[in-house]
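Trainee: This is the content of final.cif (mmCIF, C-alpha atoms):
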```cif
data_input
#
loop_
_atom_site.label_atom_id
_atom_site.label_comp_id
_atom_site.auth_asym_id
_atom_site.auth_seq_id
_atom_site.Cartn_x
_atom_site.Cartn_y
_atom_site.Cartn_z
CA MET A 1 0.00 0.00 0.00
CA TYR A 2 1.47 3.31 -1.13
CA THR A 3 0.91 6.03 1.48
CA LEU A 4 1.88 9.69 1.56
CA GLU A 5 3.72 9.67 4.86
CA ARG A 6 6.36 12.30 4.06
CA ILE A 7 6.10 14.95 1.36
CA LEU A 8 8.98 17.04 -0.02
CA CYS A 9 8.10 20.27 -1.82
CA PRO A 10 10.85 22.35 -3.48
CA THR A 11 10.22 26.09 -3.86
CA ASP A 12 11.97 29.11 -5.31
CA PHE A 13 9.23 31.30 -3.77
CA SER A 14 7.70 31.97 -7.19
CA THR A 15 3.92 32.08 -7.69
CA ALA A 16 4.00 28.69 -9.41
CA SER A 17 5.94 27.07 -6.57
CA ILE A 18 3.48 28.47 -4.03
CA GLU A 19 0.76 26.63 -5.94
CA ALA A 20 2.80 23.45 -5.56
CA ILE A 21 3.02 24.09 -1.81
CA ARG A 22 -0.77 24.43 -1.68
CA TYR A 23 -1.16 21.11 -3.44
CA ALA A 24 1.39 19.47 -1.16
CA SER A 25 -0.49 20.90 1.82
CA PHE A 26 -3.75 19.42 0.49
CA LEU A 27 -2.11 15.98 0.26
CA ALA A 28 -0.51 16.34 3.70
CA LYS A 29 -3.79 17.30 5.37
CA HIS A 30 -5.62 14.39 3.77
CA ALA A 31 -2.98 11.83 4.74
CA GLY A 32 -1.95 13.43 8.04
CA SER A 33 1.60 13.43 6.75
CA GLU A 34 4.69 15.54 7.33
CA LEU A 35 5.52 18.29 4.84
CA THR A 36 9.06 19.54 4.21
CA LEU A 37 9.68 22.69 2.18
CA ILE A 38 13.11 22.92 0.57
CA TYR A 39 14.91 25.84 -1.07
CA VAL A 40 18.17 25.29 -2.96
CA GLU A 41 20.51 28.22 -3.60
CA GLU A 42 22.58 27.56 -6.74
CA TYR A 43 25.13 30.39 -6.32
CA ASP A 44 27.86 27.92 -5.32
CA THR A 45 27.58 26.05 -8.63
CA ALA A 46 27.31 29.15 -10.84
CA PRO A 47 30.61 30.47 -12.31
CA VAL A 48 30.67 33.57 -10.05
CA GLY A 49 30.16 31.53 -6.90
CA PHE A 50 32.25 28.55 -7.96
CA PHE A 51 35.35 30.66 -8.59
CA GLU A 52 34.83 33.00 -5.64
CA ARG A 53 37.99 32.91 -3.52
CA ASP A 54 36.81 35.17 -0.73
CA GLU A 55 35.60 32.77 1.95
CA HIS A 56 34.34 35.63 4.11
CA PHE A 57 32.17 36.92 1.25
CA THR A 58 30.82 33.43 0.60
CA ALA A 59 29.98 32.92 4.27
CA GLU A 60 28.23 36.29 4.46
CA TYR A 61 26.33 35.55 1.26
CA ARG A 62 25.09 32.26 2.69
CA LYS A 63 23.95 34.04 5.84
CA ARG A 64 21.93 36.53 3.78
CA VAL A 65 20.39 33.75 1.69
CA THR A 66 19.52 31.74 4.80
CA ALA A 67 17.91 34.75 6.49
CA LEU A 68 15.86 35.58 3.39
CA ALA A 69 14.75 31.96 2.89
CA GLU A 70 13.75 31.58 6.54
CA GLU A 71 11.75 34.80 6.33
CA LYS A 72 9.96 33.61 3.17
CA PHE A 73 9.27 30.20 4.71
CA ALA A 74 7.71 31.85 7.77
CA GLU A 75 5.48 33.98 5.52
CA ILE A 76 4.34 30.94 3.53
CA ILE A 77 3.58 28.85 6.61
CA GLU A 78 1.44 31.67 7.98
CA GLN A 79 -0.26 32.74 4.75
CA GLU A 80 -1.06 29.19 3.60
CA SER A 81 -2.12 28.07 7.09
CA LEU A 82 0.34 25.17 7.12
CA ASN A 83 0.49 23.10 10.28
CA PRO A 84 3.67 24.35 12.00
CA ASN A 85 3.94 21.12 13.98
CA ARG A 86 4.03 18.99 10.84
CA THR A 87 5.86 21.40 8.53
CA SER A 88 9.65 21.67 8.42
CA THR A 89 11.96 23.71 6.20
CA LEU A 90 15.32 22.99 4.64
CA ILE A 91 17.88 25.25 2.94
CA GLN A 92 20.54 23.66 0.73
CA PHE A 93 23.41 25.02 -1.35
CA GLY A 94 24.31 23.38 -4.64
CA THR A 95 22.67 22.34 -7.90
CA ALA A 96 18.91 22.34 -7.38
CA TYR A 97 17.92 19.06 -9.04
CA HIS A 98 20.83 17.19 -7.42
CA GLU A 99 20.07 18.45 -3.91
CA ILE A 100 16.34 17.75 -4.27
CA ILE A 101 16.96 14.19 -5.42
CA GLU A 102 19.57 13.54 -2.73
CA VAL A 103 17.25 14.74 0.04
CA ALA A 104 14.23 12.86 -1.36
CA GLU A 105 16.01 9.53 -1.72
CA ALA A 106 18.24 9.67 1.37
CA ASN A 107 15.31 10.50 3.65
CA ARG A 108 12.82 8.12 2.04
CA PHE A 109 10.22 10.73 1.17
CA SER A 110 6.96 9.34 -0.19
CA VAL A 111 6.67 11.91 -2.95
CA VAL A 112 8.18 15.12 -4.32
CA VAL A 113 5.68 17.82 -5.30
CA ILE A 114 7.16 20.36 -7.70
CA ALA A 115 5.87 23.09 -10.02
CA THR A 116 6.71 22.86 -13.72
CA GLU A 117 7.59 26.56 -13.75
CA GLY A 118 9.73 28.79 -11.58
CA LEU A 119 11.31 32.23 -11.39
CA GLY A 120 13.48 31.47 -14.39
CA GLN A 121 10.68 30.06 -16.55
CA SER A 122 10.48 31.91 -19.86
CA SER A 123 7.62 30.06 -21.55
CA PRO A 124 4.48 28.25 -20.31
CA HIS A 125 5.03 25.73 -23.11
CA LEU A 126 8.23 24.41 -21.54
CA ILE A 127 9.09 22.69 -18.29
CA GLY A 128 12.01 23.92 -16.27
CA ARG A 129 15.42 22.29 -16.39
CA THR A 130 15.28 21.39 -12.71
CA VAL A 131 11.83 19.79 -13.02
CA GLU A 132 12.81 17.76 -16.07
CA ARG A 133 15.88 16.38 -14.31
CA VAL A 134 14.01 15.59 -11.09
CA VAL A 135 11.36 13.65 -13.03
CA ARG A 136 14.00 11.90 -15.11
CA LEU A 137 16.42 10.90 -12.35
CA CYS A 138 14.58 10.77 -9.03
CA ARG A 139 13.61 7.29 -7.82
CA THR A 140 11.09 8.84 -5.44
CA PRO A 141 7.67 9.36 -7.08
CA VAL A 142 7.26 12.94 -8.32
CA ILE A 143 4.10 15.01 -8.73
CA THR A 144 4.43 17.89 -11.19
CA LEU A 145 1.79 20.55 -11.65
CA ARG A 146 1.22 23.69 -13.65
CA PRO A 147 -0.27 26.90 -12.22
CA ARG A 148 -4.06 26.89 -12.52
CA GLN A 149 -6.06 29.56 -14.32
CA GLU A 150 -8.61 29.73 -11.52
CA ALA A 151 -8.40 29.09 -7.80
CA LYS A 152 -10.44 26.18 -6.46
CA GLU A 153 -10.23 23.47 -3.85
CA TRP A 154 -8.04 20.50 -4.69
CA ASP A 155 -9.54 17.02 -4.72
CA ILE A 156 -8.82 13.60 -6.22
CA LYS A 157 -11.92 11.85 -7.51
CA THR A 158 -10.79 10.68 -10.95
CA ILE A 159 -7.35 9.21 -11.71
CA LEU A 160 -6.11 8.57 -15.25
CA CYS A 161 -3.52 5.80 -15.57
CA PRO A 162 -2.05 5.23 -19.08
CA THR A 163 -0.47 1.89 -20.00
CA ASP A 164 1.26 0.59 -23.12
CA PHE A 165 0.88 -2.95 -21.69
CA SER A 166 4.58 -3.18 -20.85
CA GLU A 167 5.60 -4.25 -17.35
CA TYR A 168 7.35 -0.95 -16.77
CA SER A 169 4.30 1.18 -17.57
CA ASN A 170 2.16 -1.15 -15.45
CA PHE A 171 4.32 -0.31 -12.43
CA ALA A 172 2.15 2.81 -12.09
CA ILE A 173 -1.00 0.76 -11.42
CA PRO A 174 -0.42 -0.07 -7.72
CA TYR A 175 0.21 3.61 -7.03
CA ALA A 176 -3.01 4.58 -8.79
CA VAL A 177 -4.99 1.95 -6.87
CA SER A 178 -3.48 2.97 -3.52
CA LEU A 179 -4.37 6.63 -4.07
CA ALA A 180 -7.83 5.72 -5.37
CA ARG A 181 -8.44 3.75 -2.18
CA SER A 182 -7.25 6.64 -0.03
CA PHE A 183 -9.32 9.30 -1.81
CA GLN A 184 -12.27 7.05 -2.74
CA ALA A 185 -11.60 7.86 -6.38
CA ARG A 186 -12.19 5.99 -9.61
CA ILE A 187 -9.50 4.98 -12.10
CA ILE A 188 -9.51 5.27 -15.87
CA LEU A 189 -7.02 2.90 -17.46
CA VAL A 190 -6.17 4.05 -20.97
CA HIS A 191 -4.19 2.48 -23.79
CA VAL A 192 -3.45 4.42 -26.98
CA THR A 193 -2.88 2.40 -30.11
CA ASP A 194 -1.82 3.30 -33.63
CA LEU A 195 -4.27 4.70 -36.18
CA ALA A 196 -3.68 1.66 -38.37
CA VAL A 197 -5.39 -0.66 -35.87
CA GLN A 198 -8.84 -1.47 -37.28
CA HIS A 199 -10.58 -2.85 -34.20
CA PRO A 200 -9.13 -1.09 -31.16
CA GLU A 201 -11.94 -2.44 -28.94
CA ALA A 202 -10.33 -5.88 -29.23
CA LEU A 203 -7.45 -4.55 -27.14
CA LEU A 204 -9.69 -4.26 -24.08
CA GLU A 205 -8.93 -7.91 -23.36
CA LYS A 206 -5.20 -7.17 -23.22
CA PHE A 207 -5.47 -4.72 -20.34
CA PRO A 208 -3.53 -5.83 -17.24
CA ASP A 209 -5.54 -7.14 -14.32
CA PRO A 210 -5.14 -4.49 -11.57
CA ARG A 211 -5.56 -7.24 -8.93
CA PHE A 212 -2.23 -8.62 -10.08
CA TYR A 213 -0.61 -5.40 -8.87
CA HIS A 214 -2.71 -4.54 -5.82
CA ASP A 215 -4.71 -6.81 -3.52
CA GLN A 216 -7.54 -4.32 -3.12
CA ALA A 217 -7.95 -3.31 -6.76
CA ASP A 218 -11.32 -5.09 -6.96
CA LYS A 219 -12.71 -2.50 -4.52
CA ILE A 220 -12.01 0.36 -6.95
CA GLN A 221 -14.22 1.51 -9.81
CA ILE A 222 -12.05 1.04 -12.89
CA GLU A 223 -12.93 2.00 -16.45
CA LYS A 224 -10.89 0.91 -19.48
CA ILE A 225 -10.53 3.02 -22.61
CA VAL A 226 -8.69 2.36 -25.86
CA GLY A 227 -7.77 5.38 -27.94
CA ARG A 228 -6.18 5.79 -31.35
CA ASP A 229 -3.72 8.51 -32.20
CA VAL A 230 -0.44 9.27 -33.91
CA GLU A 231 1.08 10.24 -30.57
CA PRO A 232 -0.23 8.75 -27.27
CA GLU A 233 0.16 12.01 -25.36
CA ASN A 234 -2.52 13.65 -27.53
CA THR A 235 -5.16 11.20 -26.34
CA ILE A 236 -3.93 11.23 -22.72
CA VAL A 237 -4.10 15.02 -22.51
CA ARG A 238 -7.49 15.11 -24.27
CA LEU A 239 -9.03 12.47 -21.99
CA ALA A 240 -7.65 14.21 -18.92
CA ASP A 241 -9.51 17.34 -20.01
CA GLU A 242 -12.73 15.59 -21.11
CA TYR A 243 -13.06 13.55 -17.92
CA GLN A 244 -11.86 16.45 -15.72
CA VAL A 245 -9.18 14.17 -14.31
CA ASP A 246 -7.74 15.20 -10.96
CA LEU A 247 -4.50 13.24 -11.25
CA ILE A 248 -2.56 11.39 -13.94
CA VAL A 249 -0.41 8.47 -12.73
CA ILE A 250 2.14 7.37 -15.33
CA GLY A 251 5.39 5.41 -15.47
CA THR A 252 8.41 7.26 -16.84
CA HIS A 253 9.44 4.20 -18.83
CA GLY A 254 7.49 2.01 -21.20
CA ALA A 255 7.93 -0.53 -23.95
CA ARG A 256 10.42 1.67 -25.80
CA GLY A 257 13.05 1.63 -23.10
CA MET A 258 13.87 1.76 -19.40
CA ARG A 259 17.11 3.68 -19.04
CA ARG A 260 17.06 5.96 -16.01
CA VAL A 261 18.95 8.65 -17.92
CA GLN A 262 15.93 9.13 -20.19
CA ILE A 263 12.22 9.61 -19.84
CA GLY A 264 9.83 8.83 -22.64
CA ASN A 265 8.66 11.59 -24.96
CA THR A 266 5.09 10.72 -24.01
CA VAL A 267 5.71 11.44 -20.32
CA GLU A 268 7.52 14.69 -21.01
CA GLU A 269 4.73 15.89 -23.32
CA VAL A 270 2.02 14.95 -20.82
CA VAL A 271 3.80 16.81 -18.02
CA ARG A 272 4.26 19.83 -20.27
CA ARG A 273 0.76 20.01 -21.73
CA THR A 274 -1.82 18.75 -19.24
CA ALA A 275 -3.60 20.96 -16.73
CA ALA A 276 -3.89 18.06 -14.27
CA PRO A 277 -1.19 17.18 -11.72
CA VAL A 278 0.96 14.29 -12.93
CA LEU A 279 2.44 11.60 -10.67
CA THR A 280 5.42 10.07 -12.46
CA ILE A 281 6.80 6.73 -11.33
CA THR A 282 10.37 5.62 -12.03
CA HIS A 283 10.68 1.84 -11.84
CA PRO A 284 13.52 1.19 -9.30
CA ILE A 285 11.49 2.44 -6.33
CA HIS A 286 8.78 -0.21 -6.77
CA LYS A 287 10.98 -2.89 -5.24
CA ALA A 288 11.02 -0.93 -2.00
CA VAL A 289 7.41 0.21 -1.96
CA PHE A 290 5.83 -3.02 -3.18
CA PRO A 291 8.35 -5.75 -2.24
CA ARG A 292 5.73 -8.55 -2.27
CA ARG A 293 4.86 -7.98 -5.91
CA PHE A 294 8.52 -7.78 -6.93
CA MET A 295 10.01 -10.09 -4.31
CA GLU A 296 12.16 -12.01 -6.78
CA ASP A 297 13.67 -8.90 -8.36
CA TYR A 298 14.04 -7.32 -4.93
CA ALA A 299 16.07 -10.29 -3.70
CA GLU A 300 18.29 -10.13 -6.77
CA GLY A 301 18.90 -6.43 -6.22
CA LYS A 302 20.16 -7.03 -2.69
CA GLN A 303 22.77 -9.59 -3.69
#
```
Could you quickly redo this structure as structure tokens?

Mentor:
Amino acid sequence: MYTLERILCPTDFSTASIEAIRYASFLAKHAGSELTLIYVEEYDTAPVGFFERDEHFTAEYRKRVTALAEEKFAEIIEQESLNPNRTSTLIQFGTAYHEIIEVAEANRFSVVVIATEGLGQSSPHLIGRTVERVVRLCRTPVITLRPRQEAKEWDIKTILCPTDFSEYSNFAIPYAVSLARSFQARIILVHVTDLAVQHPEALLEKFPDPRFYHDQADKIQIEKIVGRDVEPENTIVRLADEYQVDLIVIGTHGARGMRRVQIGNTVEEVVRRTAAPVLTITHPIHKAVFPRRFMEDYAEGKQ
């Protein structure tokens, strides 16, 4: 059972990252979990900071950054009504994506919640460099979200879970079922096939049995949809909008490959284009979260 026990939320104090904090707070309140806000100052890894020889200047600069970050954290905790007893803050110095991943994995966080845009974002049609690298490399599940056009209460009642029928894409299913159980939501399993397929409805029989991945899947309302498109992300984004999906749960790797140094084009496009939050799952973590299902592989990994 996947539970949101500890949530890590990076921020650069931009408007978009505040929205991510609000979403993380929504998840934390629902699950009664701990929320950690993290800010990473990248001055040390920029050319000016990296080649700075004045240790006194560097120390003073870090003090100013720390004071500013602590002040901003205090404002956010008060303004967003975060539980001060279950909210902690962290200030790191280094490369943002590297520090976020190190903290998330070393401290066994349940999920990282991060905005697709930040202070340095130049276009709403792109995702930031830090976000792309966190999604691509972090073995902790990551939720990405774009700023919303209108303010409204968060909820999770409909979850969209794409699959290309490969084992790696199916790794997302137990996460979707666990969250559906927690939020009493329904799941839409979707497979997108090529336009050349004449009878896509025949593929309904090829859908994976969710009970194979989660013992309580039979207690969830699950709908199966087969779509046809040139690119799968087109159908995924369209269905997410049509069904007013509250969360997309998708594996970062599918039938086309499973290298950790890459994420599929489909995943990147979905994260970039959809208005719904996206929970991306990178396969190595499953052995720790769901050891019963992957007991054999888990044993091999420990040798």

Trainee: Can you work out which one of A:Asp155, A:Ser17, A:Leu8, A:Ile91 has the shortest atom-to-atom distance to A:Ala69, counting only C-alpha atoms?

Mentor: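 Comparing A:Asp155, A:Ser17, A:Leu8, A:Ile91 against A:Ala69, the winner is A:Ile91.
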
Trainee: Find the residues near A:Asn170: any atom within 8 Å, counting only C-alpha atoms, skip ones fewer than 5 places away on the same chain, and give them as an MDAnalysis selection string.

Mentor: chainID A and resid 163:165 208 251

Trainee: Please produce a file of those selected residues containing C-alpha atoms, as a short mmCIF file (atom, residue, chain, number, x, y, z; two decimals), keeping the file's coordinate frame.

Mentor:
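Everything below was put into again_18.cif:
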```cif
data_model
loop_
_atom_site.label_atom_id
_atom_site.label_comp_id
_atom_site.auth_asym_id
_atom_site.auth_seq_id
_atom_site.Cartn_x
_atom_site.Cartn_y
_atom_site.Cartn_z
CA THR A 163 -0.47 1.89 -20.00
CA ASP A 164 1.26 0.59 -23.12
CA PHE A 165 0.88 -2.95 -21.69
CA PRO A 208 -3.53 -5.83 -17.24
CA GLY A 251 5.39 5.41 -15.47
#
```

Trainee: May I ask which of the residues A:Gln198, A:Thr45, A:Thr193, A:Thr158 is the closest one to A:Gln92, counting all atoms listed in the file?

Mentor: A:Thr45

Trainee: When you look at A:Arg62 with a cut-off of 10 Å (counting only C-alpha atoms), what residues show up, excluding the ones that are within fewer than 2 positions of it in the same chain? I need them as a list in words.

Mentor: Glu41, Tyr43, Asp44, His56, Phe57, Thr58, Ala59, Glu60, Arg64, Val65, Thr66, Ala67, Leu68, Gln92 and Phe93 of chain A

Trainee: So what do you get for atom CA of A:Thr95 versus atom CA of A:Ser33, distance-wise?

Mentor: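 The value is 27.2 Å.
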